[in-house]
Amino acid sequence: MPPEARDSILTGADLAPVDTVRDPRNLFWRKNLANYLVTGAAGFIGRSIASALLAKGETVRGIDSFITGKRANLIGLEGMEFIEGDLADPAACARACAGIEIIFHEAALASVPRSVADPVATNVNCVDATLNLLVAARAAGVRRVIYAGSSSAYGDTPTLPKHEGMIPNPISPYAVAKLAGEHYLRAFTRVYGLETVVLRYFNVFGPYQDPTSHYSGVLAVFCRRMLAGEQPTIFGDGEQSRDFTYIDNVVHANLLAAAAPAEKVSGQMINTATGSRITLNETFRVLRELTGYEGEPAYATGRAGDIRDSLADIRLAGELLGYRPVVDFREGLGRTVAWYKQGEQG
Ligand SMILES: NC(=O)c1ccc[n+]([C@@H]2O[C@H](COP(=O)([O-])OP(=O)(O)OC[C@H]3O[C@@H](n4cnc5c(N)ncnc54)[C@H](O)[C@@H]3O)[C@@H](O)[C@H]2O)c1
C-alpha cells in the first residue's frame, strides 16, 4: 500500500475529519473511487452497514455531521474514507457523491419526540438533506440510492400487519419528513431514471444504538437503565406493541437491496422487519431475565406522536429481495444486552 493510501485511511487513534477536497491525500481516493457511500455513518444503522461492507472487502465512504452520531462509532471502521459534513449543505453532498455507485442513505434526525420538539430541525436534516443528496447523486452519476424509510409513515391506522399498499398516515413531523424523502426518491426514479429503493424499517435495535439521550430508542434506554439497576419508564400502559427488528436483519436487507436487479426493486418501497410483534410489557420481562434487574417498570403518560401498535407484513421483502430475518428478537436482545454490558465494563 503506498504511503498516501495509508494516510487517507483513518486509524482508531486519529478520528479527525479528513477534508477530501482540499486535503492533498485525496489523490488516493481519486485513483481508487469508493463504490459505496453510507450517510449517517457515525450513527447506529449507518455504522453497522459500513462495517458489513468493509467486512466484505468493499470500498466505502461515510459522511456524518455528528448532530447525533458519535466519533466513537467510527472506531472499527478504519478502512472507511470519512467526510465530516452536513447533507443540508449541497457542497458536502457533492463531495460525498463523487465517484460513488451506490448510496445507503441513513442520515436523519431519527426521533419522533425530537421532531415534536423541533420540527424544523427534523425537516432540515431529513427532507432538505435527502433532496440535496439526490440532486448530488444524480449529478455525480450515482446508480442507486437505498433509503432508510420508517414504519412511522403508516401512522396510527388500526390495520395490522402494515403492508406497502396501505395509504400513508403520518402523525408526527418525523413521520412526515421521512415520508417526504420516500416521495423524493420515487420522483427521482420516475423523472430522472435514478435507481432507488426505500426500505421501511420497523423499530431497529442492537449494538451501537445510543442509549444516552431521552430521544433514544426504547430498547437501548431500557438496556442501559436495567443494567445499571435503574428503573425504566414505560410511556403508556405498556400494552403497545412493536415489530422490534435486530440490526443484522436491517443490514442484510440493505445488502440485498444493493444487489437486486433494478427491474425488480427500483422505485419500490419495502417493509424491513421481522413480521412479529411484542408488547413493551413483555419486552420488559425478557429484559429482566437478560439483565438481572429485579424491580418493576415505572409508567408515565403516553408521548405525543407515538403510535399504538406496529407490525410489518414482510412478504414483499421476501418476493423482491429474497429477504427473511436472520436473527430473531430474543437472540438479538441477548446480543444487545451483552454488548451494552461490555461497554459498561469499559
Ligand atoms: N433506529 C430505528 O429504529 C429506525 C426506524 C426506522 C427508520 N430509521 C431510519 O434509519 C436511519 C438511521 O437511524 P439510526 O437509528 O441509525 O439513527 P442515528 O441517529 O443513530 O443515526 C443517524 C446519523 O445521521 C447523522 N445525520 C443526521 N443529520 C445529518 C446531516 N444533515 N448530515 C450528515 N449526517 C447527518 C447523525 O449525526 C447520525 O450519526 C434514519 O434515517 C432513521 O430515520 C431508524
# chains A, B, ... in the order shown; residues from 1 in each chain; ligands from 1
>>> residues_around(residues="Ala108 in chain A", least_positions_apart="3", cutoff="12 Å", atoms="only C-alpha atoms", output="ChimeraX atom specification")
/A:39-46,63-69,86-88,105,111-112,114-115,121-130,133,147-150,174-175,177-178,181
>>> closest_atom_pairs(of="range 182-253 of chain A", to="range 314-338 of chain A", cutoff="7 Å", atoms="only C-alpha atoms", output="CSV")
residue,atom,partner,partner_atom,distance
A:Gly206,CA,A:Thr336,CA,5.0
A:Pro207,CA,A:Thr336,CA,5.4
A:Cys223,CA,A:Val337,CA,6.2
A:Phe244,CA,A:Phe329,CA,6.8
A:Thr245,CA,A:Phe329,CA,6.8
A:Tyr246,CA,A:Gly332,CA,5.4
A:Asp248,CA,A:Val327,CA,6.8
A:Asn249,CA,A:Pro325,CA,5.3
A:Ala253,CA,A:Tyr323,CA,6.3
>>> residues_around(residues="range 293-304 of chain A", least_positions_apart="5", cutoff="10 Å", atoms="only C-alpha atoms", output="PyMOL selection string")
chain A and resi 112-113+116+171-172+222-223+225-238+240+281+284-285+287-288
>>> write_last_selection(atoms="C-alpha atoms", output="PDB file, in the first residue's frame")
ATOM      1  CA  VAL A 112     -40.370  11.204  16.914  1.00  0.00           C
ATOM      2  CA  PRO A 113     -40.190  13.196  20.201  1.00  0.00           C
ATOM      3  CA  VAL A 116     -42.302  17.160  18.067  1.00  0.00           C
ATOM      4  CA  ILE A 171     -48.906  11.583  12.609  1.00  0.00           C
ATOM      5  CA  SER A 172     -45.612  13.191  13.694  1.00  0.00           C
ATOM      6  CA  PHE A 222     -34.158   0.018  28.814  1.00  0.00           C
ATOM      7  CA  CYS A 223     -30.936  -1.992  28.400  1.00  0.00           C
ATOM      8  CA  ARG A 225     -31.048   1.573  32.723  1.00  0.00           C
ATOM      9  CA  MET A 226     -31.758  -2.016  33.723  1.00  0.00           C
ATOM     10  CA  LEU A 227     -28.090  -2.999  33.505  1.00  0.00           C
ATOM     11  CA  ALA A 228     -27.315  -0.048  35.786  1.00  0.00           C
ATOM     12  CA  GLY A 229     -30.024  -1.220  38.211  1.00  0.00           C
ATOM     13  CA  GLU A 230     -32.186   1.836  37.394  1.00  0.00           C
ATOM     14  CA  GLN A 231     -35.936   1.734  36.909  1.00  0.00           C
ATOM     15  CA  PRO A 232     -37.044   2.087  33.256  1.00  0.00           C
ATOM     16  CA  THR A 233     -40.121   4.168  32.378  1.00  0.00           C
ATOM     17  CA  ILE A 234     -42.811   2.861  30.061  1.00  0.00           C
ATOM     18  CA  PHE A 235     -44.813   5.654  28.391  1.00  0.00           C
ATOM     19  CA  GLY A 236     -48.437   4.482  28.289  1.00  0.00           C
ATOM     20  CA  ASP A 237     -49.789   1.205  29.691  1.00  0.00           C
ATOM     21  CA  GLY A 238     -47.051  -0.963  28.166  1.00  0.00           C
ATOM     22  CA  GLN A 240     -48.428  -1.008  22.907  1.00  0.00           C
ATOM     23  CA  ASN A 281     -44.531  -5.128  28.991  1.00  0.00           C
ATOM     24  CA  PHE A 284     -39.535  -5.619  29.890  1.00  0.00           C
ATOM     25  CA  ARG A 285     -39.962  -9.180  31.235  1.00  0.00           C
ATOM     26  CA  LEU A 287     -35.006  -7.866  29.585  1.00  0.00           C
ATOM     27  CA  ARG A 288     -35.424  -8.560  33.279  1.00  0.00           C
TER      28      ARG A 288
END
>>> atom_distance(atom1="CA of Phe205 in chain A", atom2="CA of Ile247 in chain A")
5.7 Å
>>> select_by_dssp(residues="range 87-290 of chain A", states="helix (DSSP H, G or I)", output="ChimeraX atom specification")
/A:90-97,112-117,119-140,151-154,173-192,218-227,247-259,262-265,280-290
>>> residues_around(residues="Gly193 in chain A", least_positions_apart="3", cutoff="10 Å", atoms="only C-alpha atoms", output="list of chain:residue names")
A:Arg138, A:Arg143, A:Arg144, A:Arg186, A:Ala187, A:Phe188, A:Thr189, A:Arg190, A:Thr196, A:Ser266, A:Gly267
>>> write_last_selection(atoms="C-alpha atoms", output="mmCIF file, in the first residue's frame")
data_model
loop_
_atom_site.group_PDB
_atom_site.id
_atom_site.type_symbol
_atom_site.label_atom_id
_atom_site.label_comp_id
_atom_site.auth_asym_id
_atom_site.auth_seq_id
_atom_site.Cartn_x
_atom_site.Cartn_y
_atom_site.Cartn_z
ATOM 1 C CA ARG A 138 -27.808 12.423 -9.992
ATOM 2 C CA ARG A 143 -26.527 4.374 -9.994
ATOM 3 C CA ARG A 144 -28.663 3.524 -6.957
ATOM 4 C CA ARG A 186 -39.681 7.845 -6.260
ATOM 5 C CA ALA A 187 -39.827 11.128 -8.150
ATOM 6 C CA PHE A 188 -36.109 10.873 -8.952
ATOM 7 C CA THR A 189 -36.665 7.388 -10.329
ATOM 8 C CA ARG A 190 -39.603 8.434 -12.463
ATOM 9 C CA THR A 196 -33.976 4.000 -5.831
ATOM 10 C CA SER A 266 -36.139 0.222 -8.378
ATOM 11 C CA GLY A 267 -38.912 2.595 -7.321
#
>>> residues_around(residues="range 275-277 of chain A", least_positions_apart="2", cutoff="8 Å", atoms="only C-alpha atoms", output="number ranges by chain")
A: 161, 241-244, 273, 279, 310-314
>>> write_last_selection(atoms="N, CA and C atoms", output="short mmCIF file (atom, residue, chain, number, x, y, z; two decimals), in the first residue's frame")
data_model
loop_
_atom_site.label_atom_id
_atom_site.label_comp_id
_atom_site.auth_asym_id
_atom_site.auth_seq_id
_atom_site.Cartn_x
_atom_site.Cartn_y
_atom_site.Cartn_z
N PRO A 161 -51.21 -6.76 9.82
CA PRO A 161 -49.93 -6.06 9.73
C PRO A 161 -49.98 -4.94 8.69
N SER A 241 -47.45 -2.33 21.10
CA SER A 241 -46.56 -3.37 20.58
C SER A 241 -45.74 -2.85 19.41
N ARG A 242 -44.62 -3.52 19.21
CA ARG A 242 -43.70 -3.12 18.14
C ARG A 242 -43.13 -4.36 17.45
N ASP A 243 -42.81 -4.19 16.17
CA ASP A 243 -42.08 -5.21 15.42
C ASP A 243 -40.60 -4.87 15.58
N PHE A 244 -40.05 -5.21 16.75
CA PHE A 244 -38.65 -4.88 17.03
C PHE A 244 -37.73 -5.70 16.14
N ALA A 273 -38.42 -5.74 8.49
CA ALA A 273 -38.80 -6.01 9.87
C ALA A 273 -38.74 -7.53 10.10
N THR A 279 -45.16 -6.73 23.02
CA THR A 279 -45.54 -5.52 23.75
C THR A 279 -44.34 -5.04 24.58
N SER A 310 -47.54 -1.75 16.06
CA SER A 310 -46.78 -1.77 14.82
C SER A 310 -46.37 -3.21 14.52
N LEU A 311 -46.69 -3.63 13.34
CA LEU A 311 -46.33 -4.98 12.89
C LEU A 311 -46.24 -4.94 11.37
N ALA A 312 -45.18 -5.52 10.84
CA ALA A 312 -44.97 -5.45 9.39
C ALA A 312 -45.42 -6.72 8.69
N ASP A 313 -45.96 -6.53 7.52
CA ASP A 313 -46.11 -7.63 6.56
C ASP A 313 -44.80 -7.64 5.77
N ILE A 314 -44.06 -8.72 5.83
CA ILE A 314 -42.74 -8.72 5.17
C ILE A 314 -42.72 -9.62 3.92
#
>>> residues_around(residues="Ala50 in chain A", least_positions_apart="6", cutoff="12 Å", atoms="only C-alpha atoms", output="ChimeraX atom specification")
/A:35-44,56-63,73-82,103-106,251-252,254-255
>>> select_by_dssp(residues="range 182-323 of chain A", states="strand (DSSP E)", output="list in words")
Glu195, Thr196, Val197, Val198, Leu199, Arg200, Tyr201, Val204, Phe205, Thr233, Ile234, Phe235, Ser241, Arg242, Thr245, Tyr246, Gln268, Met269, Ile270, Asn271, Thr272, Ile278, Thr279, Ala298, Tyr299 and Ala300 of chain A
>>> atom_distance(atom1="CA of Ala262 in chain A", atom2="CA of Leu194 in chain A")
10.0 Å
>>> closest_residue(among="A:Lys162, A:Arg308, A:Arg200, A:His183", to="ligand 1", atoms="only C-alpha atoms and all ligand atoms")
A:Arg200
>>> atom_distance(atom1="CA of Ser152 in chain A", atom2="CA of Arg47 in chain A")
22.1 Å
>>> closest_residue(among="A:Gly292, A:Gly99, A:Gly343, A:Gly217", to="ligand 1", atoms="only C-alpha atoms and all ligand atoms")
A:Gly217
>>> residues_around(residues="Pro168 in chain A", least_positions_apart="6", cutoff="8 Å", atoms="only C-alpha atoms", output="list in words")
Ala153, Tyr154 and Gly155 of chain A
>>> write_last_selection(atoms="N, CA and C atoms", output="PDB file, in the first residue's frame")
ATOM      1  N   ALA A 153     -44.448   6.049   8.799  1.00  0.00           N
ATOM      2  CA  ALA A 153     -45.273   6.517   7.672  1.00  0.00           C
ATOM      3  C   ALA A 153     -46.684   5.930   7.736  1.00  0.00           C
ATOM      4  N   TYR A 154     -46.820   4.742   8.310  1.00  0.00           N
ATOM      5  CA  TYR A 154     -48.147   4.108   8.364  1.00  0.00           C
ATOM      6  C   TYR A 154     -49.047   4.771   9.398  1.00  0.00           C
ATOM      7  N   GLY A 155     -48.435   5.412  10.390  1.00  0.00           N
ATOM      8  CA  GLY A 155     -49.213   6.112  11.402  1.00  0.00           C
ATOM      9  C   GLY A 155     -50.045   5.174  12.250  1.00  0.00           C
TER      10      GLY A 155
END
>>> closest_residue(among="A:Ala220, A:Ala110, A:Val176, A:Leu280", to="ligand 1", atoms="only C-alpha atoms and all ligand atoms")
A:Ala110
>>> closest_residue(among="A:Leu256, A:Thr291, A:Pro261, A:Pro173", to="Asp118 in chain A", atoms="only C-alpha atoms")
A:Pro173
>>> closest_residue(among="A:Pro170, A:Pro158, A:Gly141, A:Pro211", to="ligand 1", atoms="only C-alpha atoms and all ligand atoms")
A:Pro211
>>> decode(residues="range 53-74 of chain A", atoms="N, CA and C atoms", output="tab-separated table (two decimals), in the first residue's frame")
chain	number	residue	atom	x	y	z
A	53	LEU	N	-20.10	-3.78	4.98
A	53	LEU	CA	-19.50	-3.60	3.65
A	53	LEU	C	-17.99	-3.79	3.72
A	54	LEU	N	-17.37	-3.19	4.76
A	54	LEU	CA	-15.92	-3.32	4.91
A	54	LEU	C	-15.53	-4.78	5.11
A	55	ALA	N	-16.36	-5.50	5.87
A	55	ALA	CA	-16.07	-6.92	6.12
A	55	ALA	C	-16.12	-7.73	4.83
A	56	LYS	N	-16.89	-7.24	3.86
A	56	LYS	CA	-16.94	-7.93	2.56
A	56	LYS	C	-15.84	-7.45	1.62
A	57	GLY	N	-14.99	-6.55	2.11
A	57	GLY	CA	-13.86	-6.08	1.31
A	57	GLY	C	-14.24	-4.95	0.36
A	58	GLU	N	-15.39	-4.32	0.58
A	58	GLU	CA	-15.83	-3.24	-0.32
A	58	GLU	C	-15.13	-1.93	0.01
A	59	THR	N	-15.15	-1.02	-0.97
A	59	THR	CA	-14.59	0.31	-0.78
A	59	THR	C	-15.71	1.23	-0.34
A	60	VAL	N	-15.55	1.84	0.84
A	60	VAL	CA	-16.67	2.55	1.46
A	60	VAL	C	-16.25	3.97	1.84
A	61	ARG	N	-17.15	4.90	1.58
A	61	ARG	CA	-17.00	6.27	2.09
A	61	ARG	C	-18.18	6.53	3.02
A	62	GLY	N	-17.93	7.24	4.10
A	62	GLY	CA	-19.01	7.60	5.01
A	62	GLY	C	-19.07	9.11	5.17
A	63	ILE	N	-20.25	9.62	5.45
A	63	ILE	CA	-20.39	11.05	5.79
A	63	ILE	C	-21.30	11.16	7.00
A	64	ASP	N	-20.97	12.11	7.88
A	64	ASP	CA	-21.83	12.37	9.04
A	64	ASP	C	-21.53	13.77	9.55
A	65	SER	N	-22.55	14.41	10.09
A	65	SER	CA	-22.38	15.75	10.66
A	65	SER	C	-22.19	15.69	12.17
A	66	PHE	N	-22.35	14.51	12.76
A	66	PHE	CA	-22.30	14.30	14.21
A	66	PHE	C	-23.41	15.03	14.96
A	67	ILE	N	-24.50	15.33	14.28
A	67	ILE	CA	-25.59	16.00	15.00
A	67	ILE	C	-26.14	15.07	16.09
A	68	THR	N	-26.19	13.79	15.79
A	68	THR	CA	-26.48	12.81	16.85
A	68	THR	C	-25.44	11.69	16.87
A	69	GLY	N	-24.73	11.51	15.77
A	69	GLY	CA	-23.74	10.43	15.68
A	69	GLY	C	-22.53	10.69	16.56
A	70	LYS	N	-21.74	9.65	16.76
A	70	LYS	CA	-20.60	9.76	17.68
A	70	LYS	C	-19.30	9.36	16.98
A	71	ARG	N	-18.24	10.13	17.29
A	71	ARG	CA	-16.94	9.78	16.72
A	71	ARG	C	-16.54	8.37	17.14
A	72	ALA	N	-16.88	8.00	18.35
A	72	ALA	CA	-16.51	6.67	18.85
A	72	ALA	C	-17.11	5.56	17.98
A	73	ASN	N	-18.22	5.84	17.31
A	73	ASN	CA	-18.83	4.82	16.45
A	73	ASN	C	-17.98	4.52	15.22
A	74	LEU	N	-17.00	5.39	14.94
A	74	LEU	CA	-16.14	5.16	13.77
A	74	LEU	C	-14.99	4.22	14.11
